[in-house]
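Structure below is protein-v3.cif: mmCIF, C-alpha atoms.
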data_entry
loop_
_atom_site.group_PDB
_atom_site.id
_atom_site.type_symbol
_atom_site.label_atom_id
_atom_site.label_comp_id
_atom_site.auth_asym_id
_atom_site.auth_seq_id
_atom_site.Cartn_x
_atom_site.Cartn_y
_atom_site.Cartn_z
ATOM 1 C CA MET A 1 0.000 0.000 0.000
ATOM 2 C CA ARG A 2 2.816 2.344 0.699
ATOM 3 C CA LYS A 3 4.126 1.924 -2.824
ATOM 4 C CA ARG A 4 0.791 2.781 -4.283
ATOM 5 C CA PHE A 5 0.526 5.952 -2.215
ATOM 6 C CA LEU A 6 3.935 7.164 -3.417
ATOM 7 C CA LYS A 7 3.068 6.320 -6.977
ATOM 8 C CA ASP A 8 -0.197 8.314 -6.826
ATOM 9 C CA THR A 9 1.569 11.278 -5.259
ATOM 10 C CA PHE A 10 4.241 11.260 -7.981
ATOM 11 C CA GLU A 11 1.627 11.196 -10.748
ATOM 12 C CA GLU A 12 -0.222 14.117 -9.204
ATOM 13 C CA GLU A 13 2.973 16.188 -8.922
ATOM 14 C CA SER A 14 3.998 15.503 -12.504
ATOM 15 C CA SER A 15 0.570 16.377 -13.886
ATOM 16 C CA ASP A 16 0.504 19.620 -11.867
ATOM 17 C CA SER A 17 3.890 20.700 -13.170
ATOM 18 C CA LEU A 18 2.662 20.715 -16.784
ATOM 19 C CA MET A 19 1.434 24.071 -18.074
ATOM 20 C CA ASN A 20 -1.746 24.419 -20.026
ATOM 21 C CA LEU A 21 -0.711 26.070 -23.321
ATOM 22 C CA THR A 22 -4.192 26.347 -24.796
ATOM 23 C CA PRO A 23 -4.812 29.988 -23.715
ATOM 24 C CA LEU A 24 -1.388 31.003 -25.016
ATOM 25 C CA ILE A 25 -2.047 29.378 -28.389
ATOM 26 C CA ASP A 26 -5.467 31.054 -28.548
ATOM 27 C CA VAL A 27 -3.896 34.477 -27.997
ATOM 28 C CA VAL A 28 -1.265 33.820 -30.674
ATOM 29 C CA PHE A 29 -3.954 32.857 -33.186
ATOM 30 C CA VAL A 30 -5.994 35.985 -32.411
ATOM 31 C CA VAL A 31 -2.915 38.188 -32.954
ATOM 32 C CA LEU A 32 -2.071 36.348 -36.182
ATOM 33 C CA ILE A 33 -5.604 36.740 -37.536
ATOM 34 C CA THR A 34 -5.529 40.444 -36.603
ATOM 35 C CA PHE A 35 -2.319 40.973 -38.583
ATOM 36 C CA ILE A 36 -3.728 39.056 -41.550
ATOM 37 C CA MET A 37 -6.822 41.249 -41.580
ATOM 38 C CA ILE A 38 -4.961 44.555 -41.117
ATOM 39 C CA ALA A 39 -2.163 43.903 -43.650
ATOM 40 C CA PRO A 40 -4.277 44.600 -46.778
ATOM 41 C CA LEU A 41 -5.387 47.926 -45.283
ATOM 42 C CA LEU A 42 -1.832 49.238 -45.034
ATOM 43 C CA LYS A 43 -0.817 51.115 -48.141
ATOM 44 C CA LEU A 44 2.841 51.529 -48.903
ATOM 45 C CA ASP A 45 3.408 53.685 -51.934
ATOM 46 C CA ARG A 46 6.722 53.618 -53.677
ATOM 47 C CA ILE A 47 7.571 55.917 -56.496
ATOM 48 C CA GLU A 48 10.609 55.896 -58.695
ATOM 49 C CA LEU A 49 11.985 59.342 -59.291
ATOM 50 C CA ALA A 50 13.146 60.335 -62.729
ATOM 51 C CA PRO A 51 16.815 61.062 -63.172
ATOM 52 C CA ALA A 52 17.346 64.768 -63.608
ATOM 53 C CA ALA A 53 18.813 65.793 -66.904
ATOM 54 C CA THR A 54 22.359 67.024 -66.859
ATOM 55 C CA GLU A 55 22.836 70.638 -67.744
ATOM 56 C CA LYS A 56 24.182 69.595 -71.171
ATOM 57 C CA ASN A 57 21.128 67.633 -72.276
ATOM 58 C CA GLN A 58 18.332 69.596 -70.610
ATOM 59 C CA SER A 59 17.040 70.650 -74.016
ATOM 60 C CA SER A 60 16.365 66.984 -74.903
ATOM 61 C CA ILE A 61 13.371 66.938 -72.537
ATOM 62 C CA PRO A 62 10.371 68.381 -74.354
ATOM 63 C CA ILE A 63 8.801 71.407 -72.750
ATOM 64 C CA GLN A 64 5.147 71.835 -73.630
ATOM 65 C CA ASN A 65 4.872 75.422 -72.548
ATOM 66 C CA ARG A 66 7.768 77.869 -72.850
ATOM 67 C CA ASN A 67 6.486 79.954 -69.892
ATOM 68 C CA CYS A 68 6.297 77.017 -67.500
ATOM 69 C CA ILE A 69 8.296 76.990 -64.280
ATOM 70 C CA THR A 70 10.729 74.080 -64.377
ATOM 71 C CA ILE A 71 12.567 73.238 -61.170
ATOM 72 C CA ARG A 72 15.348 70.663 -61.310
ATOM 73 C CA VAL A 73 17.150 69.090 -58.382
ATOM 74 C CA PHE A 74 20.336 67.332 -59.448
ATOM 75 C CA GLU A 75 22.217 64.450 -57.859
ATOM 76 C CA ASP A 76 24.431 66.828 -55.868
ATOM 77 C CA ASP A 77 21.305 68.730 -54.616
ATOM 78 C CA HIS A 78 22.053 71.617 -56.981
ATOM 79 C CA ILE A 79 18.773 73.421 -57.774
ATOM 80 C CA THR A 80 17.922 75.199 -61.011
ATOM 81 C CA ILE A 81 14.804 77.110 -61.989
ATOM 82 C CA ASN A 82 14.257 77.456 -65.742
ATOM 83 C CA SER A 83 17.902 76.423 -66.377
ATOM 84 C CA ARG A 84 19.245 79.093 -64.009
ATOM 85 C CA GLY A 85 21.153 78.005 -60.906
ATOM 86 C CA VAL A 86 19.560 79.049 -57.632
ATOM 87 C CA THR A 87 20.844 78.807 -54.064
ATOM 88 C CA GLU A 88 18.611 77.680 -51.224
ATOM 89 C CA LYS A 89 18.544 81.256 -49.879
ATOM 90 C CA ASP A 90 17.408 82.734 -53.210
ATOM 91 C CA LEU A 91 14.920 79.954 -54.023
ATOM 92 C CA LEU A 92 11.959 81.522 -52.229
ATOM 93 C CA ALA A 93 12.565 84.999 -53.681
ATOM 94 C CA VAL A 94 12.788 83.624 -57.226
ATOM 95 C CA LEU A 95 9.594 81.594 -56.783
ATOM 96 C CA ILE A 96 7.713 84.610 -55.386
ATOM 97 C CA SER A 97 8.865 86.687 -58.360
ATOM 98 C CA LEU A 98 7.738 83.968 -60.803
ATOM 99 C CA LYS A 99 4.385 83.709 -59.018
ATOM 100 C CA LYS A 100 3.821 87.462 -59.501
ATOM 101 C CA ASN A 101 4.747 87.293 -63.199
ATOM 102 C CA ASN A 102 2.891 84.013 -63.985
ATOM 103 C CA PRO A 103 0.125 83.489 -61.388
ATOM 104 C CA GLN A 104 -1.557 80.648 -63.318
ATOM 105 C CA GLU A 105 1.571 78.581 -63.915
ATOM 106 C CA ILE A 106 2.134 75.369 -61.966
ATOM 107 C CA PRO A 107 5.769 74.612 -61.131
ATOM 108 C CA ARG A 108 7.109 71.293 -62.421
ATOM 109 C CA LEU A 109 9.754 69.514 -60.363
ATOM 110 C CA PHE A 110 12.291 67.131 -61.883
ATOM 111 C CA HIS A 111 14.011 65.494 -58.905
ATOM 112 C CA ASP A 112 17.005 63.215 -59.466
ATOM 113 C CA LYS A 113 16.537 59.881 -57.724
ATOM 114 C CA LYS A 114 20.016 60.150 -56.186
ATOM 115 C CA ALA A 115 19.345 63.587 -54.708
ATOM 116 C CA THR A 116 18.450 63.746 -51.035
ATOM 117 C CA PHE A 117 14.921 63.982 -49.721
ATOM 118 C CA GLY A 118 15.929 67.137 -47.852
ATOM 119 C CA ALA A 119 16.409 68.963 -51.156
ATOM 120 C CA TYR A 120 12.897 67.948 -52.222
ATOM 121 C CA GLN A 121 11.531 69.157 -48.883
ATOM 122 C CA ILE A 122 13.277 72.522 -49.277
ATOM 123 C CA VAL A 123 11.798 72.982 -52.759
ATOM 124 C CA LYS A 124 8.329 71.883 -51.651
ATOM 125 C CA ASN A 125 8.331 74.258 -48.679
ATOM 126 C CA ALA A 126 9.534 77.149 -50.849
ATOM 127 C CA VAL A 127 6.833 76.463 -53.458
ATOM 128 C CA GLU A 128 4.135 76.423 -50.765
ATOM 129 C CA THR A 129 5.461 79.586 -49.113
ATOM 130 C CA ALA A 130 5.580 81.381 -52.469
ATOM 131 C CA GLY A 131 1.813 80.864 -52.741
ATOM 132 C CA TYR A 132 1.477 78.021 -55.205
ATOM 133 C CA ASP A 133 -1.398 75.627 -54.552
ATOM 134 C CA GLU A 134 -0.002 72.816 -56.703
ATOM 135 C CA MET A 135 3.278 71.423 -57.935
ATOM 136 C CA ASP A 136 3.736 68.787 -60.613
ATOM 137 C CA ILE A 137 6.374 66.196 -59.846
ATOM 138 C CA ILE A 138 7.683 64.624 -63.037
ATOM 139 C CA LEU A 139 8.715 61.064 -62.256
ATOM 140 C CA LYS A 140 9.638 59.777 -65.698
ATOM 141 C CA PRO A 141 10.054 62.235 -68.560
#

Output the file's structure as structure tokens, nothing else.
Amino acid sequence: MRKRFLKDTFEEESSDSLMNLTPLIDVVFVVLITFIMIAPLLKLDRIELAPAATEKNQSSIPIQNRNCITIRVFEDDHITINSRGVTEKDLLAVLISLKKNNPQEIPRLFHDKKATFGAYQIVKNAVETAGYDEMDIILKP
């Protein structure tokens, strides 16, 4: 009888030491299903920027309107407006002057894909501050 008592006690201890994993598995499945349902709702947009023309072959890109405002940001973050080099300090003043002379024109931005995002942000902020409501970004000429 003593052996049986020890055997029963050992079985009870071993069964108590096992963890019930069912609630953990249920939580993992709920999280997995949540991610599966949310994933299609996330939109990640990727755009490929057009390479900016070098100053030598800028004339190879057709310009539909001779009075249009063409802003180019080159690989080295050099900015030109209508083929004229502009510094970051003068950018806003030039855009304000162009806005006064051509209020209906929409600036077109050609941004080299190797140029930094900071240069794009500087141009975008200057265009907004100058009073333009829109800006065309030319991705592939």

Can you tell me, as JSON, the centre and edge lengths (Å, one decimal) of the axis-aligned box enclosing all of stretch 105-119 of chain A's listed atoms after padding each side by 4 Å?
{"center_x": 10.8, "center_y": 69.2, "center_z": -55.9, "size_x": 26.4, "size_y": 26.7, "size_z": 24.1}

Run the PyMOL selection byres ((chain A and resi 118-132) around 8) against the file shown and list the residues it catches, as a compact mmCIF listing (two decimals) with C-alpha atoms, keeping the file's coordinate frame.
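Result file follows (selection.txt):
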# COMPACT_ATOMS: atom_id res chain seq x y z
CA VAL A 73 17.15 69.09 -58.38
CA ASP A 77 21.30 68.73 -54.62
CA GLU A 88 18.61 77.68 -51.22
CA LEU A 91 14.92 79.95 -54.02
CA LEU A 92 11.96 81.52 -52.23
CA ALA A 93 12.56 85.00 -53.68
CA LEU A 95 9.59 81.59 -56.78
CA ILE A 96 7.71 84.61 -55.39
CA LYS A 99 4.38 83.71 -59.02
CA ILE A 106 2.13 75.37 -61.97
CA PRO A 107 5.77 74.61 -61.13
CA HIS A 111 14.01 65.49 -58.90
CA ALA A 115 19.34 63.59 -54.71
CA THR A 116 18.45 63.75 -51.04
CA PHE A 117 14.92 63.98 -49.72
CA ASP A 133 -1.40 75.63 -54.55
CA GLU A 134 0.00 72.82 -56.70
CA MET A 135 3.28 71.42 -57.94

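If you look at atom CA of A:Leu98 and atom CA of A:Ser83, they are 13.8 Å away from each other.
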
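Going from atom CA of A:Asp136 to atom CA of A:Leu42 covers 25.6 Å.
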
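When all atoms listed in the file are used to measure the gap to A:Thr80, the shortest distance among A:Cys68, A:Ile138, A:Leu32, A:Leu109 belongs to A:Leu109.
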
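Pairwise distance (atom CA of A:Phe74, atom CA of A:Asp112) equals 5.3 Å.
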
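Nearest to A:Glu105 of all the residues A:Leu21, A:Arg84, A:Pro40, A:Thr70 is A:Thr70, based on all atoms listed in the file.
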
Complete stretch 72-83 of chain A with all heavy atoms (output as a CSV table (one decimal), in the coordinates of the input).
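See rebuild_6.csv below for the written result:
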chain,number,residue,atom,x,y,z
A,72,ARG,N,14.6,71.9,-61.2
A,72,ARG,CA,15.3,70.7,-61.3
A,72,ARG,C,16.2,70.6,-60.1
A,72,ARG,O,16.9,71.5,-59.7
A,72,ARG,CB,16.2,70.6,-62.6
A,72,ARG,CG,15.4,70.6,-63.8
A,72,ARG,CD,16.3,70.4,-65.1
A,72,ARG,NE,15.6,70.7,-66.3
A,72,ARG,CZ,14.8,69.8,-66.9
A,72,ARG,NH1,14.6,68.6,-66.4
A,72,ARG,NH2,14.2,70.1,-68.0
A,73,VAL,N,16.2,69.4,-59.5
A,73,VAL,CA,17.2,69.1,-58.4
A,73,VAL,C,18.1,68.0,-58.9
A,73,VAL,O,17.6,66.9,-59.2
A,73,VAL,CB,16.4,68.6,-57.1
A,73,VAL,CG1,17.4,68.3,-56.0
A,73,VAL,CG2,15.4,69.7,-56.7
A,74,PHE,N,19.4,68.3,-58.9
A,74,PHE,CA,20.3,67.3,-59.4
A,74,PHE,C,20.9,66.4,-58.4
A,74,PHE,O,20.6,66.6,-57.2
A,74,PHE,CB,21.5,68.1,-60.1
A,74,PHE,CG,21.0,68.9,-61.3
A,74,PHE,CD1,20.6,70.2,-61.3
A,74,PHE,CD2,21.0,68.2,-62.6
A,74,PHE,CE1,20.2,70.9,-62.4
A,74,PHE,CE2,20.5,68.9,-63.7
A,74,PHE,CZ,20.1,70.2,-63.6
A,75,GLU,N,21.7,65.5,-58.8
A,75,GLU,CA,22.2,64.4,-57.9
A,75,GLU,C,23.0,65.1,-56.7
A,75,GLU,O,22.9,64.6,-55.6
A,75,GLU,CB,23.1,63.5,-58.7
A,75,GLU,CG,23.7,62.4,-57.9
A,75,GLU,CD,24.6,61.5,-58.7
A,75,GLU,OE1,24.5,61.6,-60.0
A,75,GLU,OE2,25.3,60.7,-58.1
A,76,ASP,N,23.7,66.2,-56.9
A,76,ASP,CA,24.4,66.8,-55.9
A,76,ASP,C,23.6,67.9,-55.1
A,76,ASP,O,24.1,68.8,-54.5
A,76,ASP,CB,25.7,67.5,-56.4
A,76,ASP,CG,25.4,68.5,-57.5
A,76,ASP,OD1,24.2,68.6,-57.9
A,76,ASP,OD2,26.3,69.3,-57.9
A,77,ASP,N,22.3,67.8,-55.2
A,77,ASP,CA,21.3,68.7,-54.6
A,77,ASP,C,21.4,70.2,-55.1
A,77,ASP,O,20.9,71.1,-54.5
A,77,ASP,CB,21.4,68.7,-53.1
A,77,ASP,CG,21.1,67.4,-52.5
A,77,ASP,OD1,20.3,66.6,-53.1
A,77,ASP,OD2,21.5,67.1,-51.4
A,78,HIS,N,22.0,70.3,-56.3
A,78,HIS,CA,22.1,71.6,-57.0
A,78,HIS,C,20.7,71.9,-57.6
A,78,HIS,O,20.1,71.0,-58.2
A,78,HIS,CB,23.1,71.6,-58.1
A,78,HIS,CG,23.2,72.8,-58.9
A,78,HIS,ND1,23.7,74.0,-58.5
A,78,HIS,CD2,22.8,73.0,-60.2
A,78,HIS,CE1,23.6,74.9,-59.5
A,78,HIS,NE2,23.1,74.3,-60.5
A,79,ILE,N,20.1,73.1,-57.3
A,79,ILE,CA,18.8,73.4,-57.8
A,79,ILE,C,18.8,74.5,-58.9
A,79,ILE,O,19.6,75.4,-58.8
A,79,ILE,CB,17.9,74.0,-56.6
A,79,ILE,CG1,17.9,73.0,-55.5
A,79,ILE,CG2,16.5,74.4,-57.1
A,79,ILE,CD1,17.3,73.5,-54.2
A,80,THR,N,18.1,74.2,-59.9
A,80,THR,CA,17.9,75.2,-61.0
A,80,THR,C,16.4,75.5,-61.2
A,80,THR,O,15.6,74.6,-61.1
A,80,THR,CB,18.5,74.7,-62.3
A,80,THR,OG1,17.8,73.6,-62.8
A,80,THR,CG2,20.0,74.4,-62.2
A,81,ILE,N,16.2,76.7,-61.6
A,81,ILE,CA,14.8,77.1,-62.0
A,81,ILE,C,14.9,77.7,-63.4
A,81,ILE,O,15.6,78.7,-63.6
A,81,ILE,CB,14.2,78.1,-61.0
A,81,ILE,CG1,14.0,77.5,-59.6
A,81,ILE,CG2,12.8,78.6,-61.5
A,81,ILE,CD1,13.4,78.5,-58.6
A,82,ASN,N,14.2,77.1,-64.3
A,82,ASN,CA,14.3,77.5,-65.7
A,82,ASN,C,15.7,77.6,-66.2
A,82,ASN,O,16.1,78.6,-66.8
A,82,ASN,CB,13.5,78.8,-66.0
A,82,ASN,CG,12.0,78.6,-65.7
A,82,ASN,OD1,11.5,77.5,-65.8
A,82,ASN,ND2,11.3,79.7,-65.4
A,83,SER,N,16.5,76.5,-65.9
A,83,SER,CA,17.9,76.4,-66.4
A,83,SER,C,18.8,77.5,-65.8
A,83,SER,O,19.9,77.7,-66.2
A,83,SER,CB,18.0,76.5,-67.9
A,83,SER,OG,17.2,75.5,-68.5
